[in-house]
$ cat final.cif   # mmCIF, C-alpha atoms
data_data
#
loop_
_atom_site.label_atom_id
_atom_site.label_comp_id
_atom_site.auth_asym_id
_atom_site.auth_seq_id
_atom_site.Cartn_x
_atom_site.Cartn_y
_atom_site.Cartn_z
CA MET A 991 0.00 0.00 0.00
CA LEU A 992 1.24 3.47 -0.90
CA THR A 993 2.27 5.59 2.05
CA LYS A 994 0.28 8.81 2.42
CA PHE A 995 1.16 11.41 5.00
CA ASN A 996 -2.43 11.58 6.18
CA ILE A 997 -2.23 7.85 6.91
CA LEU A 998 0.98 8.38 8.88
CA LYS A 999 -0.70 11.10 10.95
CA GLU A 1000 -3.69 8.88 11.65
CA ARG A 1001 -1.43 6.03 12.71
CA CYS A 1002 0.61 8.28 15.00
CA GLU A 1003 -2.53 9.48 16.73
CA LYS A 1004 -4.11 6.02 16.95
CA GLU A 1005 -0.94 4.27 18.17
CA GLY A 1006 0.26 7.09 20.40
CA LEU A 1007 3.59 7.36 18.60
CA SER A 1008 5.66 10.18 17.22
CA LEU A 1009 6.74 10.06 13.58
CA TRP A 1010 10.22 8.78 14.41
CA GLU A 1011 8.83 6.08 16.69
CA LEU A 1012 6.49 4.95 13.93
CA SER A 1013 9.46 4.76 11.59
CA ILE A 1014 11.37 2.50 13.98
CA LYS A 1015 8.33 0.26 14.44
CA ASP A 1016 7.80 -0.12 10.70
CA GLU A 1017 11.49 -0.73 10.03
CA ILE A 1018 11.56 -3.56 12.55
CA GLU A 1019 8.43 -5.12 11.04
CA ASN A 1020 9.50 -4.68 7.42
CA THR A 1021 13.16 -5.71 7.66
CA GLY A 1022 13.35 -7.99 10.67
CA ARG A 1023 16.24 -5.95 12.05
CA THR A 1024 16.49 -5.32 15.75
CA GLU A 1025 16.11 -1.81 17.13
CA GLU A 1026 19.78 -1.85 18.10
CA GLU A 1027 20.77 -2.70 14.52
CA ILE A 1028 18.64 0.16 13.21
CA TRP A 1029 20.21 2.69 15.57
CA ASP A 1030 23.69 1.42 14.66
CA ARG A 1031 22.95 1.90 10.96
CA LEU A 1032 21.62 5.38 11.63
CA GLN A 1033 24.79 6.25 13.54
CA PHE A 1034 26.93 5.07 10.63
CA THR A 1035 24.83 7.17 8.25
CA LEU A 1036 25.07 10.22 10.48
CA ASP A 1037 28.83 9.84 10.77
CA VAL A 1038 29.16 9.83 6.98
CA MET A 1039 26.99 12.96 6.82
CA LYS A 1040 29.17 14.70 9.38
CA GLU A 1041 32.31 13.87 7.46
CA SER A 1042 31.07 14.89 4.01
CA SER A 1043 29.54 18.17 5.22
CA HIS A 1044 32.89 19.30 6.63
CA ALA A 1045 35.40 17.66 4.29
CA ALA A 1046 35.65 20.51 1.78
CA LEU A 1047 35.40 23.48 4.13
CA GLU A 1048 39.13 24.04 4.65
CA THR A 1049 40.71 22.19 1.75
CA PRO A 1050 39.25 22.48 -1.78
CA VAL A 1051 37.75 19.28 -3.13
CA VAL A 1052 37.78 19.16 -6.93
CA SER A 1053 35.46 17.00 -9.02
CA VAL A 1054 36.65 14.06 -11.09
CA THR A 1055 36.24 16.07 -14.28
CA GLY A 1056 38.01 19.09 -12.79
CA MET A 1057 35.10 21.32 -13.80
CA THR A 1058 34.00 22.23 -10.26
CA GLY A 1059 35.44 22.48 -6.77
CA GLY A 1060 36.44 24.94 -4.10
CA ASN A 1061 33.04 26.57 -3.61
CA ALA A 1062 32.60 25.10 -0.13
CA LYS A 1063 35.92 26.55 1.01
CA ALA A 1064 35.08 29.92 -0.55
CA MET A 1065 31.73 29.98 1.23
CA ASN A 1066 33.30 28.89 4.52
CA ASP A 1067 36.00 31.55 4.23
CA TYR A 1068 33.27 34.11 3.62
CA PHE A 1069 31.45 32.86 6.72
CA LEU A 1070 34.62 33.18 8.77
CA GLY A 1071 34.95 36.75 7.55
CA GLY A 1072 31.88 37.58 9.62
CA ASP A 1073 30.15 40.07 7.30
CA THR A 1074 27.46 37.95 5.66
CA VAL A 1075 24.13 39.44 4.61
CA LEU A 1076 22.06 36.44 5.73
CA GLY A 1077 24.08 35.83 8.89
CA ASP A 1078 26.43 33.18 10.17
CA THR A 1079 23.91 30.34 10.37
CA ALA A 1080 22.92 30.66 6.73
CA ALA A 1081 26.47 31.09 5.47
CA LYS A 1082 27.78 28.09 7.39
CA ALA A 1083 24.81 26.00 6.30
CA MET A 1084 25.43 26.77 2.63
CA ALA A 1085 29.13 26.00 3.01
CA MET A 1086 28.33 22.58 4.48
CA ALA A 1087 25.80 21.82 1.75
CA LEU A 1088 28.36 22.75 -0.89
CA SER A 1089 30.91 20.52 0.85
CA THR A 1090 28.90 17.31 0.52
CA SER A 1091 27.98 18.19 -3.05
CA GLU A 1092 31.67 18.58 -3.90
CA VAL A 1093 32.61 15.35 -2.14
CA ASN A 1094 29.99 13.63 -4.26
CA ALA A 1095 31.35 15.11 -7.51
CA ALA A 1096 34.83 13.93 -6.47
CA MET A 1097 33.47 10.39 -6.02
CA GLY A 1098 33.87 10.54 -2.25
CA ARG A 1099 31.61 8.87 0.29
CA ILE A 1100 28.26 10.56 0.79
CA VAL A 1101 24.73 9.62 1.84
CA ALA A 1102 22.19 9.89 -0.97
CA ALA A 1103 19.53 11.69 1.02
CA PRO A 1104 17.51 11.04 -0.99
CA THR A 1105 19.80 11.27 -4.06
CA ALA A 1106 23.45 11.94 -4.79
CA GLY A 1107 22.48 15.13 -6.60
CA SER A 1108 20.72 16.46 -3.49
CA SER A 1109 23.04 14.87 -0.94
CA GLY A 1110 24.23 18.14 0.60
CA ILE A 1111 20.93 19.36 1.99
CA LEU A 1112 19.98 16.99 4.81
CA PRO A 1113 23.54 16.58 6.20
CA ALA A 1114 24.06 20.34 6.24
CA THR A 1115 20.69 20.82 7.92
CA LEU A 1116 21.46 18.35 10.67
CA MET A 1117 24.90 19.84 11.20
CA THR A 1118 23.42 23.33 11.28
CA MET A 1119 21.13 22.22 14.11
CA TYR A 1120 24.12 20.68 15.87
CA HIS A 1121 26.29 23.78 15.55
CA LYS A 1122 23.52 26.24 16.42
CA TYR A 1123 21.70 24.37 19.19
CA GLY A 1124 23.98 21.53 20.25
CA TYR A 1125 21.63 18.63 19.52
CA ASP A 1126 23.34 15.33 20.23
CA ASP A 1127 23.55 12.31 17.95
CA ASP A 1128 20.49 10.63 19.47
CA GLU A 1129 18.28 13.61 18.65
CA LEU A 1130 19.80 13.97 15.19
CA LYS A 1131 19.12 10.31 14.45
CA LYS A 1132 15.49 10.75 15.46
CA ALA A 1133 15.31 13.73 13.13
CA MET A 1134 16.70 11.55 10.35
CA LEU A 1135 13.85 9.11 10.95
CA VAL A 1136 11.33 11.94 10.63
CA ALA A 1137 13.00 12.87 7.34
CA THR A 1138 12.73 9.29 6.09
CA GLN A 1139 8.98 9.32 6.63
CA ILE A 1140 8.66 12.43 4.50
CA GLY A 1141 10.86 10.78 1.91
CA GLN A 1142 8.82 7.59 1.92
CA VAL A 1143 5.67 9.49 1.01
CA ILE A 1144 7.46 11.13 -1.92
CA PHE A 1145 9.01 7.85 -3.04
CA ASP A 1146 5.68 6.04 -3.00
CA ASN A 1147 3.66 8.73 -4.74
CA ALA A 1148 6.08 10.67 -6.95
CA THR A 1149 9.82 10.24 -7.55
CA PHE A 1150 13.27 11.24 -6.33
CA ALA A 1151 14.81 10.97 -9.78
CA GLY A 1152 15.79 14.06 -11.72
CA ALA A 1153 15.46 11.96 -14.87
CA GLU A 1154 11.78 11.51 -14.09
CA GLY A 1155 10.73 14.63 -12.24
CA GLY A 1156 13.41 17.29 -12.66
CA CYS A 1157 15.45 18.86 -9.87
CA GLN A 1158 12.27 19.52 -7.89
CA ALA A 1159 12.26 15.76 -7.26
CA GLU A 1160 15.83 15.82 -5.98
CA THR A 1161 16.59 19.05 -4.14
CA GLY A 1162 12.89 19.65 -3.51
CA SER A 1163 12.46 16.30 -1.81
CA ALA A 1164 15.63 16.77 0.22
CA SER A 1165 14.49 20.22 1.34
CA ALA A 1166 11.12 18.86 2.43
CA MET A 1167 12.76 16.08 4.40
CA ALA A 1168 15.20 18.49 6.03
CA ALA A 1169 12.52 21.06 6.90
CA ALA A 1170 10.46 18.48 8.77
CA ALA A 1171 13.58 17.32 10.63
CA VAL A 1172 14.23 20.89 11.80
CA CYS A 1173 10.69 21.30 13.11
CA PHE A 1174 10.95 18.02 14.97
CA LEU A 1175 14.20 19.06 16.62
CA ARG A 1176 12.68 22.35 17.70
CA GLY A 1177 9.88 20.48 19.45
CA TYR A 1178 7.00 21.15 17.05
CA ASP A 1179 4.27 18.60 16.41
CA ILE A 1180 3.57 16.49 13.35
CA GLN A 1181 1.26 19.08 11.80
CA VAL A 1182 3.99 21.72 11.81
CA GLN A 1183 6.45 19.16 10.48
CA GLU A 1184 4.05 18.45 7.62
CA ASN A 1185 3.51 22.15 6.92
CA SER A 1186 7.24 22.76 6.66
CA ALA A 1187 7.67 19.90 4.18
CA THR A 1188 4.73 21.16 2.15
CA CYS A 1189 6.18 24.65 2.06
CA ALA A 1190 9.55 23.35 0.88
CA LEU A 1191 7.97 21.51 -2.06
CA LEU A 1192 5.81 24.47 -3.04
CA ASN A 1193 8.85 26.76 -3.04
CA ILE A 1194 10.68 24.65 -5.60
CA LEU A 1195 7.85 23.21 -7.70
CA GLY A 1196 8.82 22.98 -11.36
CA LEU A 1197 12.60 23.24 -10.95
CA VAL A 1198 14.24 21.58 -13.94
CA CYS A 1199 17.24 19.25 -13.98
CA ASP A 1200 19.80 20.67 -16.43
CA PRO A 1201 23.35 19.67 -15.44
CA ILE A 1202 26.24 20.55 -17.71
CA GLY A 1203 27.19 17.44 -19.65
CA GLY A 1204 24.81 15.40 -17.54
CA MET A 1205 27.34 15.52 -14.68
CA VAL A 1206 26.16 16.13 -11.11
CA GLU A 1207 28.22 19.29 -10.71
CA PHE A 1208 26.76 22.54 -12.02
CA PRO A 1209 24.19 23.91 -11.27
CA CYS A 1210 23.64 21.00 -8.85
CA ASN A 1211 26.26 22.37 -6.46
CA LEU A 1212 24.50 25.72 -6.21
CA ARG A 1213 21.09 24.12 -5.80
CA ASN A 1214 22.27 22.19 -2.76
CA ALA A 1215 23.23 25.47 -1.12
CA ASN A 1216 19.91 27.03 -2.06
CA GLY A 1217 18.12 23.84 -1.03
CA ILE A 1218 19.20 24.19 2.57
CA MET A 1219 18.02 27.80 2.55
CA ASN A 1220 14.65 26.50 1.33
CA ALA A 1221 14.58 23.91 4.12
CA LEU A 1222 15.45 26.36 6.89
CA ALA A 1223 13.12 29.08 5.59
CA SER A 1224 10.26 26.59 5.22
CA ALA A 1225 10.80 25.33 8.75
CA ASP A 1226 10.78 28.87 10.13
CA MET A 1227 7.60 29.73 8.23
CA ALA A 1228 5.85 26.61 9.48
CA MET A 1229 6.98 27.18 13.06
CA ALA A 1230 5.81 30.80 12.82
CA GLY A 1231 2.34 29.60 11.87
CA VAL A 1232 2.34 30.68 8.23
CA LYS A 1233 -0.73 29.02 6.70
CA MET A 1234 -0.51 26.20 4.18
CA TYR A 1235 -3.64 25.86 2.04
CA VAL A 1236 -2.74 22.44 0.67
CA ASP A 1237 -1.46 19.44 2.59
CA PHE A 1238 1.69 17.44 1.96
CA ASP A 1239 -0.02 14.65 0.05
CA GLU A 1240 -1.48 17.21 -2.35
CA ALA A 1241 1.90 18.89 -2.78
CA VAL A 1242 3.53 15.55 -3.61
CA ASP A 1243 0.81 14.76 -6.14
CA ALA A 1244 1.32 18.18 -7.70
CA MET A 1245 5.07 17.58 -7.93
CA LYS A 1246 4.40 14.30 -9.72
CA ARG A 1247 2.10 15.97 -12.25
CA VAL A 1248 4.55 18.79 -12.88
CA GLY A 1249 7.45 16.34 -13.28
CA ASP A 1250 5.48 14.26 -15.76
CA ALA A 1251 4.77 17.43 -17.76
CA LEU A 1252 8.43 18.47 -18.05
CA PRO A 1253 9.96 17.81 -21.47
CA SER A 1254 12.76 15.25 -21.54
CA ARG A 1255 15.40 17.88 -22.28
CA LEU A 1256 14.73 19.36 -18.83
CA ARG A 1257 15.05 16.06 -16.98
CA GLU A 1258 18.74 15.31 -16.45
CA THR A 1259 19.59 14.77 -20.12
CA GLY A 1260 21.89 17.79 -20.31
CA GLU A 1261 20.00 18.91 -23.41
CA GLY A 1262 18.19 21.97 -22.10
CA GLY A 1263 18.22 24.85 -19.66
CA ILE A 1264 21.62 25.90 -18.30
CA ALA A 1265 23.26 22.85 -19.88
CA VAL A 1266 23.03 24.31 -23.39
CA CYS A 1267 24.13 27.86 -22.64
CA PRO A 1268 27.21 28.81 -24.70
CA SER A 1269 29.39 28.97 -21.58
CA ALA A 1270 28.13 25.58 -20.44
CA LEU A 1271 28.82 24.01 -23.82
CA ARG A 1272 32.39 25.34 -23.72
CA LEU A 1273 32.87 23.86 -20.25
CA ARG A 1274 31.52 20.55 -21.47
CA GLU A 1275 33.97 20.52 -24.38
CA LYS A 1276 36.88 21.34 -22.08
CA TYR A 1277 36.22 19.20 -19.03
CA ILE A 1278 33.99 16.37 -20.23
CA ASP A 1279 34.38 15.83 -23.97
CA GLY A 1280 38.08 16.74 -23.92
CA THR A 1281 37.85 18.40 -27.31
CA VAL A 1282 39.34 21.77 -26.28
#

$ encode --input "final.cif" --output "structure tokens"
Amino acid sequence: MLTKFNILKERCEKEGLSLWELSIKDEIENTGRTEEEIWDRLQFTLDVMKESSHAALETPVVSVTGMTGGNAKAMNDYFLGGDTVLGDTAAKAMAMALSTSEVNAAMGRIVAAPTAGSSGILPATLMTMYHKYGYDDDELKKAMLVATQIGQVIFDNATFAGAEGGCQAETGSASAMAAAAVCFLRGYDIQVQENSATCALLNILGLVCDPIGGMVEFPCNLRNANGIMNALASADMAMAGVKMYVDFDEAVDAMKRVGDALPSRLRETGEGGIAVCPSALRLREKYIDGTV
């Protein structure tokens, strides 16, 4: 049976469980793993997220093609300079999102959360909450479980794949997952968690997937940094009580319809959007085709 968020809410209320507790229960039933095994796997995943979100902050990490790299360090240096327009939290968050994205492009170890192309958003969000508020690993792992429930709804009813739904399906999904995790950590209930995830999807609905040469580098790198801004802004709006006039299930269904309507050249083929700009084509020739 397809997972709907409204079903998850009903189950939480009926069974007297929070969203993360429901996730643990279902994982035990569906996989046969013990609770200890699940927590151990979550710790391993969190450790990888910690590493990737900090790996490129002080030393530039360059992609396999050589086309991209060094943005995370540049953003972190800017943060350390202390004169950011958005403030230290936002600047550090973007730097950490860029870091994981660059580690991915360099074929390093990352967590696809939910995809490699969007892998910077959830780790940077969790680390932002750690740096800003001091949440420990146990709380961060619970937040990860909340994020997985958001992700499961998207997986069952739409897609994570840029090749099917555009970048909205990748960075949009990651932002929704991350926003709900933030609201959980700040002590808000399941309705606020849902509202934040809904907001994150609405903010990015229709975003195309147009990487240069089909490589997960540019503009993917930038969209990870903007994706965490979407997640944090959506969480703040939801926690402030900004009204959402559609629910998360409806937002996911809308994302699926929009993704289906996107032409193939705007779905990870590298044949449309930014990927065919003159500058992008020159970069492709130089770094990917090797013809320059």

$ residues_around --input "final.cif" --residues "Phe1208 of chain A" --least-positions-apart "4" --cutoff "9 Å" --atoms "all atoms listed in the file" --output "mmCIF file with C-alpha atoms, in the coordinates of the input"
data_model
loop_
_atom_site.group_PDB
_atom_site.id
_atom_site.type_symbol
_atom_site.label_atom_id
_atom_site.label_comp_id
_atom_site.auth_asym_id
_atom_site.auth_seq_id
_atom_site.Cartn_x
_atom_site.Cartn_y
_atom_site.Cartn_z
ATOM 1 C CA MET A 1057 35.100 21.320 -13.800
ATOM 2 C CA THR A 1058 34.000 22.230 -10.260
ATOM 3 C CA ASP A 1200 19.800 20.670 -16.430
ATOM 4 C CA PRO A 1201 23.350 19.670 -15.440
ATOM 5 C CA ILE A 1202 26.240 20.550 -17.710
ATOM 6 C CA LEU A 1212 24.500 25.720 -6.210
ATOM 7 C CA ARG A 1213 21.090 24.120 -5.800
ATOM 8 C CA ILE A 1264 21.620 25.900 -18.300
ATOM 9 C CA ALA A 1265 23.260 22.850 -19.880
#

$ resolve_selection --input "final.cif" --expression "the PyMOL selection byres ((chain A and resi 1122) around 12)" --output "ChimeraX atom specification"
/A:1078-1080,1082-1083,1114-1121,1123-1126,1172,1175-1176

$ write_last_selection --input "final.cif" --atoms "C-alpha atoms" --output "tab-separated table (two decimals), in the frame of the given file"
chain	number	residue	atom	x	y	z
A	1078	ASP	CA	26.43	33.18	10.17
A	1079	THR	CA	23.91	30.34	10.37
A	1080	ALA	CA	22.92	30.66	6.73
A	1082	LYS	CA	27.78	28.09	7.39
A	1083	ALA	CA	24.81	26.00	6.30
A	1114	ALA	CA	24.06	20.34	6.24
A	1115	THR	CA	20.69	20.82	7.92
A	1116	LEU	CA	21.46	18.35	10.67
A	1117	MET	CA	24.90	19.84	11.20
A	1118	THR	CA	23.42	23.33	11.28
A	1119	MET	CA	21.13	22.22	14.11
A	1120	TYR	CA	24.12	20.68	15.87
A	1121	HIS	CA	26.29	23.78	15.55
A	1123	TYR	CA	21.70	24.37	19.19
A	1124	GLY	CA	23.98	21.53	20.25
A	1125	TYR	CA	21.63	18.63	19.52
A	1126	ASP	CA	23.34	15.33	20.23
A	1172	VAL	CA	14.23	20.89	11.80
A	1175	LEU	CA	14.20	19.06	16.62
A	1176	ARG	CA	12.68	22.35	17.70

$ resolve_selection --input "final.cif" --expression "the PyMOL selection byres ((chain A and resi 1133-1143) around 9)" --output "VMD selection string"
chain A and resid 992 to 995 998 1008 to 1014 1032 1036 1103 to 1104 1112 1116 1128 to 1132 1144 to 1148 1150 1163 to 1164 1166 to 1175 1183 to 1184 1187 1238 to 1239 1242

$ residues_around --input "final.cif" --residues "Gly1060 of chain A" --least-positions-apart "3" --cutoff "6 Å" --atoms "only C-alpha atoms" --output "list in words"
Pro1050, Val1051 and Lys1063 of chain A

$ atom_distance --input "final.cif" --atom1 "atom CA of Ala1221 of chain A" --atom2 "atom CA of Ala1190 of chain A"
6.0 Å

$ closest_residue --input "final.cif" --among "A:Glu1048, A:Asp1030, A:Asp1179, A:Glu1160" --to "Gly1217 of chain A" --atoms "only C-alpha atoms"
A:Glu1160

$ closest_residue --input "final.cif" --among "A:Phe1034, A:Tyr1068, A:Tyr1235, A:Tyr1277" --to "Arg1099 of chain A" --atoms "all atoms listed in the file"
A:Phe1034

$ resolve_selection --input "final.cif" --expression "the PyMOL selection byres ((chain A and resi 1229) around 9)" --output "PyMOL selection string"
chain A and resi 1173+1176+1178+1182-1183+1185-1186+1224-1228+1230-1232

$ closest_residue --input "final.cif" --among "A:Cys1157, A:Leu1007, A:Cys1199, A:Cys1210" --to "Glu1092 of chain A" --atoms "only C-alpha atoms"
A:Cys1210

$ closest_residue --input "final.cif" --among "A:Ile1100, A:Val1038, A:Ile1218, A:Ile1180" --to "Met1084 of chain A" --atoms "only C-alpha atoms"
A:Ile1218

$ atom_distance --input "final.cif" --atom1 "atom CA of Gly1196 of chain A" --atom2 "atom CA of Ala1251 of chain A"
9.4 Å

$ residues_near_point --input "final.cif" --point "(11.1, 7.8, -16.5)" --cutoff "12 Å" --atoms "all atoms listed in the file" --output "VMD selection string"
chain A and resid 1148 to 1156 1246 1249 to 1254 1257 to 1259

$ residues_around --input "final.cif" --residues "Ser1053 of chain A" --least-positions-apart "3" --cutoff "6 Å" --atoms "all atoms listed in the file" --output "ChimeraX atom specification"
/A:1056,1058-1059,1095-1096

$ closest_residue --input "final.cif" --among "A:Val1266, A:Ala1081, A:Ala1106, A:Ile1018" --to "Gly1203 of chain A" --atoms "all atoms listed in the file"
A:Val1266

$ atom_distance --input "final.cif" --atom1 "atom CA of Leu1273 of chain A" --atom2 "atom CA of Glu1261 of chain A"
14.1 Å

$ closest_residue --input "final.cif" --among "A:Met1219, A:Leu1076, A:Leu1195, A:Met1205" --to "Arg1247 of chain A" --atoms "all atoms listed in the file"
A:Leu1195
